[in-house]
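Beneath this line is the structure, given in structure tokens, with notes to follow.
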Amino acid sequence: MITEIQLKQVLRNRRFLIFTIIFPTSWYWMMIKITNMPQKSPFQLILLILALLIGILGNSIVTFSKRIASNRRFYFLQARISHYSIWKYLISQLITQLILNMIITIILVLLACLFHTINFNQVTWISLGLVNLFGIYLSVIGFTFGISFDRSLIDAGSTPLMFLLAIFIVPWNVFIPTNSMIKLMTNIQKLFPSYYAYQIVQQNDQLIKNFGIFLLSSVITLLPFLIIVAFKLHYRNTDNI
């Protein structure tokens, strides 16, 4: 019931349609025309994944955190007076986010099929799956910001935060000649799951190893955000005793 209500609410939201559907599809179409790469070039998959990340980042960090900030008082009240805890609320919201991210994925994949720029092989399926797993990771971060800050503050900070997260997705040493600064930034990137998601796509022979590190990194780096959620819940409950 909660998931269905949230889906209807989001799909009626113009921000969601503009920033997570129209903008990434328009960007993808424009990049296909500008680059003019061969239809089955591996670079075409990179363009598709980047377009997906634009949509999923917008959905998870911008739209989602604002939606949580708008409804957080109601759900904190529900957590105190009913059996529907904030953790159940988080899970139901993550299910909603997964469905929304899958909608974004399906739309962009259909567009790629229309332009004949996608090749359905193992690397493609792994990449699409990892992007949606990463979307869950980002949604937990968005949820934490939503219950921690007012909507006006999120309005001001969510877009810069989205771009900050975006620069950590692809290892810097892939595009920029290695120097001490690039080595430092790459070492920082190794703390986050997006680095290992990229390695999974690039190194099929180490799939299990990189996927295990991807999951471990996701859990470790999400712990601070889950602790913040627990602290906020405890603070709200003790504040009203």
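Quick note on naming: the chains in the structure tokens go A, B, ... in the order shown, residues restart at 1 in each chain, and ligands are numbered from 1 in order of appearance.
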With a distance cut-off of 6 Å and only C-alpha atoms, select the neighbouring residues of segment 185-198 of chain A, excluding the residue or stretch itself and same-chain residues fewer than 4 positions from it, and output the selection as a list of chain:residue names. A:Phe168, A:Ile169, A:Pro171, A:Asn210, A:Phe214, A:Ser217, A:Ser218
Between atom CA of Val131 of chain A and atom CA of Ile49 of chain A, what is the distance in Å, rounded to a tenth? 7.4 Å
I need the helix (DSSP H, G or I) residues of segment 16-202 of chain A per DSSP on the backbone, written as a PyMOL selection string. chain A and resi 16-35+42-81+86-115+122-148+151-166+172-174+180-189+193-202
Rows by chain and residue number, segment 126-221 of chain A within 10 Å of segment 91-96 of chain A, shortest pair, only C-alpha atoms, as CSV:
residue,atom,partner,partner_atom,distance
A:Gly135,CA,A:Leu94,CA,9.2
A:Ile136,CA,A:Leu94,CA,6.5
A:Tyr137,CA,A:Leu94,CA,9.3
A:Leu138,CA,A:Leu94,CA,9.9
A:Ser139,CA,A:Leu94,CA,6.7
A:Val140,CA,A:Leu94,CA,7.6
A:Phe143,CA,A:Gln93,CA,8.5
How would the residues just chosen look if you wrote them out with all heavy atoms as a compact mmCIF listing (two decimals), in the first residue's frame?
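Result went into out.txt, see below:
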# COMPACT_ATOMS: atom_id res chain seq x y z
N GLY A 135 21.94 2.40 -7.29
CA GLY A 135 20.80 3.27 -7.03
C GLY A 135 20.24 3.07 -5.63
O GLY A 135 19.83 4.03 -4.97
N ILE A 136 20.21 1.82 -5.16
CA ILE A 136 19.77 1.55 -3.79
C ILE A 136 20.73 2.19 -2.79
O ILE A 136 20.30 2.80 -1.79
CB ILE A 136 19.67 0.03 -3.55
CG1 ILE A 136 18.62 -0.59 -4.48
CG2 ILE A 136 19.33 -0.26 -2.08
CD1 ILE A 136 18.54 -2.10 -4.40
N TYR A 137 22.00 2.06 -3.05
CA TYR A 137 23.04 2.67 -2.21
C TYR A 137 22.82 4.18 -2.11
O TYR A 137 22.82 4.76 -1.02
CB TYR A 137 24.39 2.35 -2.82
CG TYR A 137 25.59 3.02 -2.18
CD1 TYR A 137 26.24 2.44 -1.10
CD2 TYR A 137 26.08 4.23 -2.68
CE1 TYR A 137 27.35 3.05 -0.52
CE2 TYR A 137 27.19 4.84 -2.12
CZ TYR A 137 27.81 4.25 -1.04
OH TYR A 137 28.91 4.85 -0.45
N LEU A 138 22.62 4.82 -3.25
CA LEU A 138 22.40 6.27 -3.27
C LEU A 138 21.09 6.65 -2.58
O LEU A 138 21.00 7.71 -1.96
CB LEU A 138 22.38 6.77 -4.72
CG LEU A 138 23.70 6.69 -5.49
CD1 LEU A 138 23.48 7.02 -6.96
CD2 LEU A 138 24.73 7.65 -4.90
N SER A 139 20.09 5.78 -2.67
CA SER A 139 18.80 6.08 -2.06
C SER A 139 18.89 6.10 -0.53
O SER A 139 18.19 6.88 0.13
CB SER A 139 17.75 5.06 -2.52
OG SER A 139 17.51 5.18 -3.90
N VAL A 140 19.73 5.23 0.04
CA VAL A 140 19.94 5.26 1.49
C VAL A 140 20.54 6.61 1.90
O VAL A 140 20.15 7.21 2.91
CB VAL A 140 20.84 4.09 1.95
CG1 VAL A 140 21.16 4.22 3.44
CG2 VAL A 140 20.17 2.76 1.66
N PHE A 143 17.80 9.17 1.64
CA PHE A 143 16.88 9.02 2.78
C PHE A 143 17.45 9.70 4.01
O PHE A 143 16.73 10.42 4.73
CB PHE A 143 16.64 7.54 3.05
CG PHE A 143 15.66 7.26 4.16
CD1 PHE A 143 14.30 7.20 3.89
CD2 PHE A 143 16.10 7.06 5.45
CE1 PHE A 143 13.40 6.95 4.91
CE2 PHE A 143 15.20 6.81 6.48
CZ PHE A 143 13.85 6.75 6.21
